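Coordinates as given in structure_22.txt (compact mmCIF, C-alpha atoms and all ligand atoms):
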# COMPACT_ATOMS: atom_id res chain seq x y z
CA MET O 1 0.00 0.00 0.00
CA ARG O 2 1.20 3.56 -0.67
CA ILE O 3 -0.57 6.28 1.24
CA PRO O 4 0.39 9.91 0.61
CA LEU O 5 0.20 12.62 3.25
CA VAL O 6 -2.29 14.50 1.05
CA ASP O 7 -4.13 13.13 -2.00
CA LEU O 8 -5.14 15.90 -4.38
CA LYS O 9 -5.72 13.53 -7.29
CA SER O 10 -8.75 11.74 -5.78
CA GLN O 11 -10.36 15.08 -4.96
CA TYR O 12 -9.78 16.31 -8.51
CA GLU O 13 -11.32 13.15 -9.98
CA GLU O 14 -14.49 13.82 -7.98
CA ILE O 15 -15.00 17.36 -9.27
CA LYS O 16 -13.19 17.17 -12.62
CA GLU O 17 -16.12 18.22 -14.80
CA GLU O 18 -17.01 21.25 -12.71
CA ILE O 19 -13.38 22.34 -12.63
CA GLN O 20 -13.02 22.01 -16.41
CA GLU O 21 -16.16 24.06 -16.86
CA ALA O 22 -14.83 26.78 -14.53
CA ILE O 23 -11.47 26.87 -16.32
CA ASN O 24 -13.15 27.07 -19.73
CA ARG O 25 -15.31 29.93 -18.47
CA VAL O 26 -12.19 31.93 -17.57
CA LEU O 27 -10.37 31.05 -20.79
CA ASN O 28 -13.35 32.22 -22.81
CA SER O 29 -13.67 35.42 -20.79
CA THR O 30 -9.95 36.26 -21.32
CA THR O 31 -9.98 38.12 -17.99
CA PHE O 32 -7.17 36.42 -16.13
CA ILE O 33 -6.38 38.77 -13.27
CA LEU O 34 -8.98 39.99 -10.76
CA GLY O 35 -12.31 40.61 -12.61
CA GLU O 36 -15.69 38.98 -12.12
CA GLU O 37 -14.50 35.55 -10.97
CA VAL O 38 -12.43 37.10 -8.18
CA THR O 39 -15.25 39.45 -7.16
CA LYS O 40 -17.73 36.58 -7.04
CA PHE O 41 -15.36 34.38 -5.08
CA GLU O 42 -14.79 37.24 -2.63
CA GLU O 43 -18.55 37.61 -2.18
CA GLU O 44 -19.01 33.88 -1.64
CA PHE O 45 -16.08 33.65 0.77
CA THR O 46 -17.32 36.66 2.74
CA LYS O 47 -20.67 34.97 3.15
CA TYR O 48 -19.01 31.71 4.13
CA CYS O 49 -16.89 33.37 6.83
CA GLY O 50 -19.63 35.68 8.06
CA THR O 51 -17.63 38.87 7.52
CA LYS O 52 -18.51 42.05 5.67
CA TYR O 53 -15.51 42.14 3.34
CA ALA O 54 -13.09 39.76 1.66
CA VAL O 55 -10.15 40.66 -0.56
CA GLY O 56 -8.44 38.01 -2.68
CA THR O 57 -4.65 37.99 -2.70
CA SER O 58 -1.85 36.10 -4.40
CA SER O 59 -1.08 33.91 -1.35
CA GLY O 60 -1.54 33.55 2.40
CA THR O 61 1.81 35.27 2.81
CA SER O 62 0.69 38.35 0.87
CA ALA O 63 -2.60 38.31 2.81
CA LEU O 64 -0.67 38.51 6.10
CA HIS O 65 1.68 41.17 4.75
CA LEU O 66 -1.21 43.34 3.56
CA ALA O 67 -3.09 42.82 6.83
CA LEU O 68 -0.11 44.12 8.81
CA LEU O 69 0.44 47.04 6.44
CA SER O 70 -3.22 48.00 6.55
CA LEU O 71 -2.98 48.29 10.34
CA GLY O 72 -0.01 50.62 9.96
CA ILE O 73 2.60 48.16 11.29
CA ARG O 74 6.01 49.57 10.44
CA GLU O 75 9.64 49.86 11.39
CA GLY O 76 10.26 49.70 15.13
CA ASP O 77 6.95 48.01 15.94
CA GLU O 78 6.62 44.66 17.69
CA VAL O 79 4.11 42.00 16.75
CA ILE O 80 3.41 38.94 18.89
CA THR O 81 3.09 35.45 17.48
CA THR O 82 4.39 31.98 18.32
CA PRO O 83 7.64 30.38 17.20
CA TYR O 84 5.64 27.28 16.30
CA THR O 85 4.11 28.15 12.96
CA PHE O 86 4.99 28.29 9.29
CA THR O 87 7.69 30.85 8.63
CA ALA O 88 5.34 33.18 6.71
CA THR O 89 3.64 34.31 9.93
CA ALA O 90 6.89 35.82 11.23
CA GLU O 91 8.37 36.67 7.83
CA THR O 92 5.60 39.10 6.97
CA ILE O 93 6.08 40.98 10.27
CA ILE O 94 9.70 41.49 9.23
CA HIS O 95 8.62 42.53 5.71
CA CYS O 96 6.95 45.52 7.40
CA GLY O 97 10.20 46.42 9.12
CA ALA O 98 8.75 45.29 12.45
CA ARG O 99 9.98 42.67 14.89
CA PRO O 100 8.28 39.37 15.71
CA VAL O 101 8.16 38.69 19.45
CA PHE O 102 7.38 35.13 20.38
CA VAL O 103 5.20 33.58 23.08
CA ASP O 104 5.34 29.82 23.67
CA ILE O 105 2.52 27.44 22.78
CA ASN O 106 0.10 25.35 24.81
CA PRO O 107 1.25 21.68 24.72
CA ARG O 108 -2.31 20.38 24.39
CA ASN O 109 -3.51 22.36 21.38
CA TYR O 110 -0.23 23.79 19.94
CA ASN O 111 -1.71 27.30 19.77
CA ILE O 112 -0.49 30.40 21.60
CA ASP O 113 -0.46 29.86 25.38
CA VAL O 114 -2.95 32.40 26.72
CA PRO O 115 -1.63 32.64 30.33
CA LYS O 116 1.89 33.12 28.94
CA LEU O 117 0.60 35.82 26.61
CA LYS O 118 -0.98 37.54 29.62
CA GLU O 119 2.32 37.40 31.52
CA PHE O 120 4.17 38.67 28.49
CA LEU O 121 1.90 41.68 28.12
CA LYS O 122 2.61 42.70 31.72
CA LEU O 123 6.22 43.33 30.68
CA LYS O 124 7.28 46.76 29.55
CA THR O 125 7.30 46.10 25.79
CA ARG O 126 4.30 47.48 23.96
CA PRO O 127 3.51 45.35 20.93
CA LYS O 128 1.15 46.83 18.35
CA ALA O 129 -0.49 43.63 17.19
CA ALA O 130 -0.75 39.89 17.71
CA ILE O 131 -1.08 37.11 15.16
CA PRO O 132 -2.63 34.07 16.81
CA VAL O 133 -2.35 31.06 14.47
CA HIS O 134 -5.15 28.47 14.26
CA LEU O 135 -2.58 25.73 13.90
CA TYR O 136 -3.41 22.44 12.19
CA GLY O 137 -7.07 23.56 11.89
CA GLN O 138 -7.84 24.00 15.60
CA PRO O 139 -9.21 27.43 16.59
CA VAL O 140 -7.26 29.49 19.09
CA ASP O 141 -9.15 30.40 22.26
CA LEU O 142 -9.88 33.90 21.01
CA ASP O 143 -12.13 35.33 23.72
CA PRO O 144 -9.40 35.94 26.32
CA ILE O 145 -7.04 37.13 23.58
CA LEU O 146 -9.55 39.69 22.35
CA LYS O 147 -10.03 40.88 25.95
CA LEU O 148 -6.28 41.30 26.35
CA ALA O 149 -6.17 43.08 23.01
CA LYS O 150 -8.67 45.62 24.27
CA GLU O 151 -6.80 46.10 27.53
CA TYR O 152 -3.41 46.55 25.82
CA ASN O 153 -4.62 48.25 22.65
CA LEU O 154 -3.47 45.45 20.39
CA LYS O 155 -4.75 44.71 16.90
CA VAL O 156 -5.48 41.04 16.26
CA ILE O 157 -4.80 39.34 12.94
CA GLU O 158 -5.97 35.74 12.84
CA ASP O 159 -3.68 33.51 10.83
CA ALA O 160 -6.37 31.14 9.58
CA CYS O 161 -4.21 29.77 6.76
CA GLN O 162 -4.68 26.23 8.10
CA ALA O 163 -8.24 26.52 9.36
CA HIS O 164 -10.80 27.21 6.62
CA GLY O 165 -14.25 26.59 8.05
CA ALA O 166 -13.12 25.93 11.64
CA ILE O 167 -15.55 27.29 14.21
CA TYR O 168 -14.92 29.08 17.49
CA ARG O 169 -17.82 27.49 19.36
CA LEU O 170 -18.00 30.07 22.18
CA LYS O 171 -19.19 32.63 19.64
CA ILE O 172 -20.46 30.18 17.00
CA LYS O 173 -18.34 32.02 14.47
CA LYS O 174 -15.95 30.92 11.77
CA VAL O 175 -12.29 31.61 12.40
CA GLY O 176 -11.02 34.67 10.59
CA SER O 177 -14.16 36.62 11.51
CA LEU O 178 -13.37 37.38 15.15
CA GLY O 179 -10.22 39.48 15.13
CA ASP O 180 -9.61 42.74 13.28
CA ILE O 181 -8.51 40.79 10.22
CA GLY O 182 -8.40 37.13 9.19
CA CYS O 183 -5.94 35.71 6.66
CA PHE O 184 -6.29 32.54 4.60
CA SER O 185 -4.00 30.60 2.28
CA PHE O 186 -5.24 28.58 -0.67
CA TYR O 187 -1.98 26.71 -1.13
CA PRO O 188 -2.97 23.46 -2.91
CA GLY O 189 -2.77 21.15 0.12
CA LYS O 190 -4.95 23.32 2.35
CA ASN O 191 -8.54 22.33 3.25
CA LEU O 192 -9.58 24.80 0.55
CA GLY O 193 -6.73 24.65 -1.95
CA ALA O 194 -6.22 26.28 -5.34
CA TYR O 195 -4.29 24.78 -8.26
CA GLY O 196 -1.50 27.25 -7.62
CA ASP O 197 -1.04 30.02 -5.06
CA GLY O 198 -3.84 32.13 -3.63
CA GLY O 199 -4.96 33.83 -0.45
CA MET O 200 -7.69 35.96 1.13
CA VAL O 201 -8.08 38.66 3.75
CA VAL O 202 -11.41 38.96 5.55
CA THR O 203 -12.53 41.81 7.80
CA ASN O 204 -15.57 43.72 9.03
CA ASP O 205 -13.75 47.06 8.74
CA GLU O 206 -14.51 48.96 5.56
CA LYS O 207 -11.40 51.14 5.74
CA ILE O 208 -9.10 48.15 6.19
CA ALA O 209 -10.77 46.32 3.29
CA HIS O 210 -10.40 49.37 1.09
CA ARG O 211 -6.74 49.82 1.97
CA ILE O 212 -5.94 46.17 1.30
CA ARG O 213 -7.84 46.22 -2.00
CA CYS O 214 -5.77 49.21 -3.06
CA LEU O 215 -2.42 47.87 -1.77
CA ARG O 216 -2.81 44.47 -3.47
CA ASP O 217 -3.02 46.16 -6.88
CA HIS O 218 -0.15 48.69 -6.99
CA GLY O 219 -2.01 51.18 -4.81
CA ARG O 220 -4.33 51.83 -7.74
CA LYS O 221 -7.46 53.86 -7.98
CA GLY O 222 -7.81 54.02 -11.76
CA LYS O 223 -5.62 52.35 -14.38
CA TYR O 224 -2.71 54.75 -13.98
CA GLU O 225 -3.67 56.60 -10.85
CA HIS O 226 -1.79 55.37 -7.78
CA LEU O 227 -2.88 56.47 -4.32
CA MET O 228 -0.14 54.62 -2.48
CA VAL O 229 2.94 52.54 -3.12
CA GLY O 230 1.45 49.08 -3.40
CA TYR O 231 2.23 45.57 -4.53
CA ASN O 232 1.32 43.03 -7.17
CA TYR O 233 -0.49 40.74 -4.74
CA ARG O 234 -3.58 40.00 -6.85
CA LEU O 235 -5.53 36.77 -7.00
CA ASP O 236 -5.88 35.44 -10.53
CA ALA O 237 -9.19 34.55 -12.13
CA LEU O 238 -8.37 30.89 -12.83
CA GLN O 239 -7.65 30.25 -9.17
CA ALA O 240 -10.78 32.14 -8.11
CA ALA O 241 -12.95 30.12 -10.52
CA ILE O 242 -11.44 26.84 -9.22
CA LEU O 243 -11.88 27.95 -5.61
CA ARG O 244 -15.52 28.84 -6.27
CA VAL O 245 -16.15 25.24 -7.25
CA LYS O 246 -14.26 23.88 -4.26
CA LEU O 247 -15.82 26.24 -1.68
CA LYS O 248 -19.18 24.49 -2.21
CA TYR O 249 -17.60 21.24 -0.96
CA LEU O 250 -15.56 22.66 1.90
CA ASP O 251 -17.97 21.82 4.74
CA GLU O 252 -18.53 18.30 3.43
CA TRP O 253 -14.77 17.74 3.09
CA ASN O 254 -14.16 19.13 6.58
CA GLU O 255 -16.74 16.71 8.00
CA LYS O 256 -14.96 13.83 6.26
CA ARG O 257 -11.67 14.99 7.74
CA ARG O 258 -13.30 15.07 11.19
CA LYS O 259 -14.71 11.58 10.69
CA ASN O 260 -11.29 10.24 9.68
CA ALA O 261 -9.72 11.96 12.69
CA SER O 262 -12.23 10.25 14.96
CA ILE O 263 -11.42 6.84 13.39
CA TYR O 264 -7.73 7.50 14.13
CA ASN O 265 -8.58 8.61 17.68
CA GLY O 266 -10.58 5.43 18.31
CA LEU O 267 -7.90 3.12 16.93
CA LEU O 268 -5.12 4.90 18.80
CA LYS O 269 -6.88 4.91 22.16
CA ASP O 270 -4.65 3.46 24.91
CA SER O 271 -1.76 3.11 22.44
CA GLY O 272 0.50 5.53 24.30
CA VAL O 273 0.50 7.85 21.30
CA ILE O 274 -0.62 11.41 22.03
CA THR O 275 -3.50 12.15 19.66
CA PRO O 276 -4.92 15.61 18.82
CA TYR O 277 -7.09 17.16 21.51
CA GLU O 278 -10.16 19.05 20.31
CA GLU O 279 -10.84 21.88 22.74
CA LYS O 280 -14.46 22.38 23.88
CA TYR O 281 -14.50 25.86 22.41
CA ALA O 282 -13.22 24.61 19.06
CA LYS O 283 -14.53 22.84 16.01
CA HIS O 284 -11.29 21.48 14.61
CA VAL O 285 -11.10 20.98 10.85
CA TYR O 286 -7.98 18.78 10.89
CA HIS O 287 -5.94 20.40 8.19
CA LEU O 288 -3.35 18.12 9.75
CA TYR O 289 -3.74 15.14 12.06
CA VAL O 290 -0.74 15.55 14.32
CA ILE O 291 0.28 12.97 16.91
CA ARG O 292 3.25 12.97 19.27
CA VAL O 293 5.63 10.05 19.64
CA LYS O 294 9.06 9.49 21.17
CA LYS O 295 11.77 8.47 18.68
CA ARG O 296 9.75 10.34 16.08
CA ASP O 297 12.39 10.28 13.33
CA ARG O 298 12.71 6.50 13.51
CA VAL O 299 8.94 6.04 13.47
CA TYR O 300 8.74 8.39 10.46
CA LYS O 301 11.29 6.31 8.53
CA PHE O 302 9.68 3.03 9.55
CA LEU O 303 6.30 4.20 8.23
CA GLN O 304 7.91 5.49 5.07
CA GLY O 305 9.29 1.98 4.51
CA LYS O 306 5.71 0.71 4.74
CA GLY O 307 4.54 3.16 2.07
CA ILE O 308 3.01 5.58 4.57
CA LEU O 309 4.13 9.13 3.87
CA CYS O 310 3.97 11.31 6.95
CA GLY O 311 4.92 14.95 7.52
CA ILE O 312 6.59 16.91 10.30
CA HIS O 313 4.97 20.25 11.09
CA TYR O 314 7.40 21.62 12.23
CA PRO O 315 10.83 20.10 12.89
CA LEU O 316 12.48 23.33 14.12
CA PRO O 317 10.70 26.25 15.81
CA LEU O 318 11.26 29.62 14.21
CA HIS O 319 13.40 31.07 17.02
CA LEU O 320 16.02 28.36 16.33
CA GLN O 321 16.01 28.82 12.54
CA LYS O 322 19.04 30.48 10.97
CA ALA O 323 16.85 33.17 9.40
CA TYR O 324 15.71 34.40 12.82
CA GLN O 325 19.00 34.19 14.72
CA TYR O 326 19.34 37.96 14.66
CA LEU O 327 16.30 38.25 16.93
CA GLY O 328 18.55 36.98 19.74
CA TYR O 329 16.51 34.05 21.01
CA LYS O 330 18.26 30.89 22.18
CA GLU O 331 17.53 27.24 22.86
CA GLY O 332 15.40 26.86 25.97
CA ASP O 333 13.47 30.10 25.42
CA PHE O 334 10.30 28.29 24.26
CA PRO O 335 10.50 24.82 25.80
CA VAL O 336 7.05 23.62 24.75
CA ALA O 337 7.59 24.49 21.09
CA GLU O 338 11.04 22.89 21.24
CA GLU O 339 9.72 19.66 22.73
CA CYS O 340 6.83 19.43 20.28
CA ALA O 341 9.21 19.96 17.37
CA LYS O 342 11.03 16.77 18.41
CA GLU O 343 7.90 14.63 18.76
CA VAL O 344 5.21 15.74 16.31
CA LEU O 345 4.27 13.55 13.37
CA SER O 346 1.54 14.35 10.85
CA LEU O 347 -0.25 11.21 9.69
CA PRO O 348 -1.94 11.09 6.28
CA LEU O 349 -5.31 12.80 6.48
CA TYR O 350 -7.65 13.91 3.73
CA PRO O 351 -11.38 13.55 3.09
CA GLU O 352 -10.98 10.62 0.69
CA LEU O 353 -8.79 8.54 3.03
CA LYS O 354 -10.42 5.14 3.58
CA ARG O 355 -10.99 3.30 6.84
CA GLU O 356 -8.85 0.34 5.66
CA GLU O 357 -6.02 2.76 4.96
CA ILE O 358 -6.30 4.28 8.43
CA GLU O 359 -6.28 0.77 9.91
CA TYR O 360 -3.14 -0.05 7.94
CA ILE O 361 -1.46 3.18 9.12
CA VAL O 362 -2.37 2.60 12.77
CA GLU O 363 -1.31 -1.05 12.69
CA ASN O 364 2.12 -0.06 11.41
CA LEU O 365 2.37 2.96 13.66
CA LYS O 366 1.77 0.74 16.71
CA LYS O 367 4.47 -1.67 15.47
CA GLY O 368 6.85 1.22 14.95
CA VAL O 369 6.20 2.76 18.35
CA PHE O 370 6.45 -0.61 20.12
CA TYR O 371 9.52 -2.13 18.46
CA LEU O 372 11.80 0.78 17.64
C1 LIG Y 1 0.10 29.06 9.35
C2 LIG Y 1 0.42 29.55 7.97
N1 LIG Y 1 0.59 30.87 7.77
C3 LIG Y 1 0.87 31.36 6.55
C4 LIG Y 1 1.00 30.54 5.46
C5 LIG Y 1 1.38 31.13 4.14
O1 LIG Y 1 0.49 30.83 3.11
P1 LIG Y 1 0.98 30.74 1.59
O2 LIG Y 1 1.79 29.50 1.45
O3 LIG Y 1 -0.29 30.69 0.81
O4 LIG Y 1 1.76 31.96 1.30
C6 LIG Y 1 0.80 29.17 5.62
C7 LIG Y 1 0.88 28.28 4.46
O5 LIG Y 1 1.59 27.35 4.34
C8 LIG Y 1 0.53 28.65 6.91
O6 LIG Y 1 0.38 27.35 7.12
Let's see the structure in the file written out as structure tokens.
Ligand SMILES: Cc1ncc(COP(=O)(O)O)c(C=O)c1O
Amino acid sequence: MRIPLVDLKSQYEEIKEEIQEAINRVLNSTTFILGEEVTKFEEEFTKYCGTKYAVGTSSGTSALHLALLSLGIREGDEVITTPYTFTATAETIIHCGARPVFVDINPRNYNIDVPKLKEFLKLKTRPKAAIPVHLYGQPVDLDPILKLAKEYNLKVIEDACQAHGAIYRLKIKKVGSLGDIGCFSFYPGKNLGAYGDGGMVVTNDEKIAHRIRCLRDHGRKGKYEHLMVGYNYRLDALQAAILRVKLKYLDEWNEKRRKNASIYNGLLKDSGVITPYEEKYAKHVYHLYVIRVKKRDRVYKFLQGKGILCGIHYPLPLHLQKAYQYLGYKEGDFPVAEECAKEVLSLPLYPELKREEIEYIVENLKKGVFYL
């Protein structure tokens, strides 16, 4: 058996005709950048998230960059996030000339540790914004963060790049719609993935939406009238048309992911493997199904030998990456993130994954954990 970490081919087979139709529509329209497809996708995504505005961008990275710029983040500012995320979260803070300041994660849900954030904010530094990341598809506990944000005058950008459709149950709201701004990535392997790069910013603030719309397209007002120095961060029409097809299936696919996660949970019960914990306030959408095991690298290789392709998200926290050395952090600064980085293992998970395949994965995982 060969089981990939993500299977985009099976999904494509299911919706092939609709996708071809959408692509043909764009080819016939000859509008390839922004235009009607992007506007319609923005409208549909806004509705889906329950926000007033959505602005399509070229990637999740550009969405985060524009979100920070629209809030006026600039040189000398500090922005809080965790060291346990994809590099883009911190990278975009630096692209604004600002400095990422890290707070460790909670070992149960891998998201920012709220009590540690509280302690951090009591220090003298005065960050301008925070980027909580809904890691692996599990919503961050946003209520206390939004309270702290009010108290300390912080803007909140939700990095929802891994959590399309996840719900913060305390407010019965989709992630991305609770902070000042929410950012999404449509990288192909995401729960809602394009056939190339793509991203989206959502917000309820008209001024922010307007600023981002302008910044993503060279600061344009008219064709050759530029209100500000902007970027080429536009979403293209082919991706928007493809994403419009896929958005209709997102909830169904997320439910299938949740069902597969619960099959894993059942089979791994009492196995000694730490399985994902779904917080009461969260409806997890399992972008990734991440377990924790000792001797992780050996288990990874063993499974690979059995045709089971796993992932590691992430093997090295950002504060220990070469790119971020200049920030001055050292080993031991974020012990939870450091420990997780040594033990996490992402098992294959996608809507089309079959029960027999999960059984095969778990059987081999148990062998690997027991004998290695
Ligand atoms: C948490 C997180 N933030 C940001 C990004 C950046 O998104 P993109 O790859 O679309 O630029 C990703 C995507 O991998 C991500 O997982």
Practice problem: Please extract the residues at most 10 Å from ligand LIG 1 (chain Y), counting only C-alpha atoms and all ligand atoms, and provide them as a ChimeraX atom specification, using the chain letters and residue numbers of this document. | Solution: /O:57-65,84-92,131-137,158-163,183-190,193-194,196-200,287,313
Just to be explicit: take each residue in the selection above, keep C-alpha atoms, and write the result as a PDB file, in the coordinates of the input.
ATOM      1  CA  THR O  57      -4.650  37.990  -2.700  1.00  0.00           C
ATOM      2  CA  SER O  58      -1.850  36.100  -4.400  1.00  0.00           C
ATOM      3  CA  SER O  59      -1.080  33.910  -1.350  1.00  0.00           C
ATOM      4  CA  GLY O  60      -1.540  33.550   2.400  1.00  0.00           C
ATOM      5  CA  THR O  61       1.810  35.270   2.810  1.00  0.00           C
ATOM      6  CA  SER O  62       0.690  38.350   0.870  1.00  0.00           C
ATOM      7  CA  ALA O  63      -2.600  38.310   2.810  1.00  0.00           C
ATOM      8  CA  LEU O  64      -0.670  38.510   6.100  1.00  0.00           C
ATOM      9  CA  HIS O  65       1.680  41.170   4.750  1.00  0.00           C
ATOM     10  CA  TYR O  84       5.640  27.280  16.300  1.00  0.00           C
ATOM     11  CA  THR O  85       4.110  28.150  12.960  1.00  0.00           C
ATOM     12  CA  PHE O  86       4.990  28.290   9.290  1.00  0.00           C
ATOM     13  CA  THR O  87       7.690  30.850   8.630  1.00  0.00           C
ATOM     14  CA  ALA O  88       5.340  33.180   6.710  1.00  0.00           C
ATOM     15  CA  THR O  89       3.640  34.310   9.930  1.00  0.00           C
ATOM     16  CA  ALA O  90       6.890  35.820  11.230  1.00  0.00           C
ATOM     17  CA  GLU O  91       8.370  36.670   7.830  1.00  0.00           C
ATOM     18  CA  THR O  92       5.600  39.100   6.970  1.00  0.00           C
ATOM     19  CA  ILE O 131      -1.080  37.110  15.160  1.00  0.00           C
ATOM     20  CA  PRO O 132      -2.630  34.070  16.810  1.00  0.00           C
ATOM     21  CA  VAL O 133      -2.350  31.060  14.470  1.00  0.00           C
ATOM     22  CA  HIS O 134      -5.150  28.470  14.260  1.00  0.00           C
ATOM     23  CA  LEU O 135      -2.580  25.730  13.900  1.00  0.00           C
ATOM     24  CA  TYR O 136      -3.410  22.440  12.190  1.00  0.00           C
ATOM     25  CA  GLY O 137      -7.070  23.560  11.890  1.00  0.00           C
ATOM     26  CA  GLU O 158      -5.970  35.740  12.840  1.00  0.00           C
ATOM     27  CA  ASP O 159      -3.680  33.510  10.830  1.00  0.00           C
ATOM     28  CA  ALA O 160      -6.370  31.140   9.580  1.00  0.00           C
ATOM     29  CA  CYS O 161      -4.210  29.770   6.760  1.00  0.00           C
ATOM     30  CA  GLN O 162      -4.680  26.230   8.100  1.00  0.00           C
ATOM     31  CA  ALA O 163      -8.240  26.520   9.360  1.00  0.00           C
ATOM     32  CA  CYS O 183      -5.940  35.710   6.660  1.00  0.00           C
ATOM     33  CA  PHE O 184      -6.290  32.540   4.600  1.00  0.00           C
ATOM     34  CA  SER O 185      -4.000  30.600   2.280  1.00  0.00           C
ATOM     35  CA  PHE O 186      -5.240  28.580  -0.670  1.00  0.00           C
ATOM     36  CA  TYR O 187      -1.980  26.710  -1.130  1.00  0.00           C
ATOM     37  CA  PRO O 188      -2.970  23.460  -2.910  1.00  0.00           C
ATOM     38  CA  GLY O 189      -2.770  21.150   0.120  1.00  0.00           C
ATOM     39  CA  LYS O 190      -4.950  23.320   2.350  1.00  0.00           C
ATOM     40  CA  GLY O 193      -6.730  24.650  -1.950  1.00  0.00           C
ATOM     41  CA  ALA O 194      -6.220  26.280  -5.340  1.00  0.00           C
ATOM     42  CA  GLY O 196      -1.500  27.250  -7.620  1.00  0.00           C
ATOM     43  CA  ASP O 197      -1.040  30.020  -5.060  1.00  0.00           C
ATOM     44  CA  GLY O 198      -3.840  32.130  -3.630  1.00  0.00           C
ATOM     45  CA  GLY O 199      -4.960  33.830  -0.450  1.00  0.00           C
ATOM     46  CA  MET O 200      -7.690  35.960   1.130  1.00  0.00           C
ATOM     47  CA  HIS O 287      -5.940  20.400   8.190  1.00  0.00           C
ATOM     48  CA  HIS O 313       4.970  20.250  11.090  1.00  0.00           C
TER      49      HIS O 313
END
Self-check item: Near-region 38-54 of chain O list (10 Å; all atoms listed in the file; drop same-chain fewer than 4 positions) as a PyMOL selection string
Solution: chain O and resi 32-34+164-167+173-178+181-183+200-206+208-210+212-213+234-245+247-248+250-251
Exercise. Would you mind reading off the distance between CA of Lys342 (chain O) and CA of Leu318 (chain O), one decimal, in Å?
Key: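 Calculated distance between CA of Lys342 (chain O) and CA of Leu318 (chain O) is 13.5 Å.
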Quiz prompt | CA of Asp217 (chain O) to CA of Leu27 (chain O), distance in Å rounded to a single decimal | solution =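 Separation between CA of Asp217 (chain O) and CA of Leu27 (chain O): 21.8 Å.
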Quiz item: What is the CA of Leu268 (chain O)-CA of Pro351 (chain O) distance in Å, reported with one decimal?
Solution: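 Separating CA of Leu268 (chain O) from CA of Pro351 (chain O) is a distance of 19.0 Å.
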Do you know which residues are at most 7 Å from Thr81 (chain O) counting only C-alpha atoms, after dropping those on the same chain fewer than 5 positions away, and could you put them as an mmCIF file with C-alpha atoms, in the coordinates of the input?
data_model
loop_
_atom_site.group_PDB
_atom_site.id
_atom_site.type_symbol
_atom_site.label_atom_id
_atom_site.label_comp_id
_atom_site.auth_asym_id
_atom_site.auth_seq_id
_atom_site.Cartn_x
_atom_site.Cartn_y
_atom_site.Cartn_z
ATOM 1 C CA PRO O 100 8.280 39.370 15.710
ATOM 2 C CA VAL O 101 8.160 38.690 19.450
ATOM 3 C CA PHE O 102 7.380 35.130 20.380
ATOM 4 C CA VAL O 103 5.200 33.580 23.080
ATOM 5 C CA ALA O 130 -0.750 39.890 17.710
ATOM 6 C CA ILE O 131 -1.080 37.110 15.160
ATOM 7 C CA PRO O 132 -2.630 34.070 16.810
#
Exercise. Could you give me, as a list of chain:residue names, the residues within 9 Å of Asp7 (chain O), counting all atoms listed in the file and dropping anything in the same chain fewer than 2 positions from it?
Key: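 Counting only the stated atoms, we get O:Ile3, O:Pro4, O:Leu5, O:Lys9, O:Ser10, O:Gln11, O:Gly189, O:Pro348, O:Leu349, O:Tyr350, O:Pro351, O:Glu352, O:Leu353.
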Quiz item: So which residues touch Glu339 (chain O) within 10 Å, counting all atoms listed in the file, skipping near sequence neighbours fewer than 4 positions away, as a ChimeraX atom specification?
Solution: /O:107,292,315-317,332,334-335,343-344
Restrict the selected residues to C-alpha atoms and save them as a compact mmCIF listing (two decimals), in the coordinates of the input.
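Produced file selection36.txt, reproduced below:
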# COMPACT_ATOMS: atom_id res chain seq x y z
CA PRO O 107 1.25 21.68 24.72
CA ARG O 292 3.25 12.97 19.27
CA PRO O 315 10.83 20.10 12.89
CA LEU O 316 12.48 23.33 14.12
CA PRO O 317 10.70 26.25 15.81
CA GLY O 332 15.40 26.86 25.97
CA PHE O 334 10.30 28.29 24.26
CA PRO O 335 10.50 24.82 25.80
CA GLU O 343 7.90 14.63 18.76
CA VAL O 344 5.21 15.74 16.31
Exercise. Pick out the residues sitting within 12 Å of Gly272 (chain O), and hand them over as a list in words; count all atoms listed in the file, and ignore anything fewer than 5 positions along from it in its own chain.
Key: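 Result of the neighbour search: Asn265, Leu267, Ile291, Arg292, Val293, Lys294, Leu365, Lys366, Val369 and Phe370 of chain O.
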Could you write out that same residue set with C-alpha atoms as a PDB file, in the coordinates of the input?
ATOM      1  CA  ASN O 265      -8.580   8.610  17.680  1.00  0.00           C
ATOM      2  CA  LEU O 267      -7.900   3.120  16.930  1.00  0.00           C
ATOM      3  CA  ILE O 291       0.280  12.970  16.910  1.00  0.00           C
ATOM      4  CA  ARG O 292       3.250  12.970  19.270  1.00  0.00           C
ATOM      5  CA  VAL O 293       5.630  10.050  19.640  1.00  0.00           C
ATOM      6  CA  LYS O 294       9.060   9.490  21.170  1.00  0.00           C
ATOM      7  CA  LEU O 365       2.370   2.960  13.660  1.00  0.00           C
ATOM      8  CA  LYS O 366       1.770   0.740  16.710  1.00  0.00           C
ATOM      9  CA  VAL O 369       6.200   2.760  18.350  1.00  0.00           C
ATOM     10  CA  PHE O 370       6.450  -0.610  20.120  1.00  0.00           C
TER      11      PHE O 370
END
Quiz prompt | Residue nearest Leu8 (chain O) - candidates O:Leu192, O:Ile361, O:Leu345, O:Ala323, atoms counted: all atoms listed in the file | solution =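 Distance minimum relative to Leu8 (chain O) lands on O:Leu192.
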Quiz item: Which residue gives the smallest distance to Glu18 (chain O) among O:Ile172, O:Lys223, O:Tyr289, O:Tyr249, with only C-alpha atoms counted?
Solution: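 Looking at the shortest contact to Glu18 (chain O), the residue is O:Tyr249.
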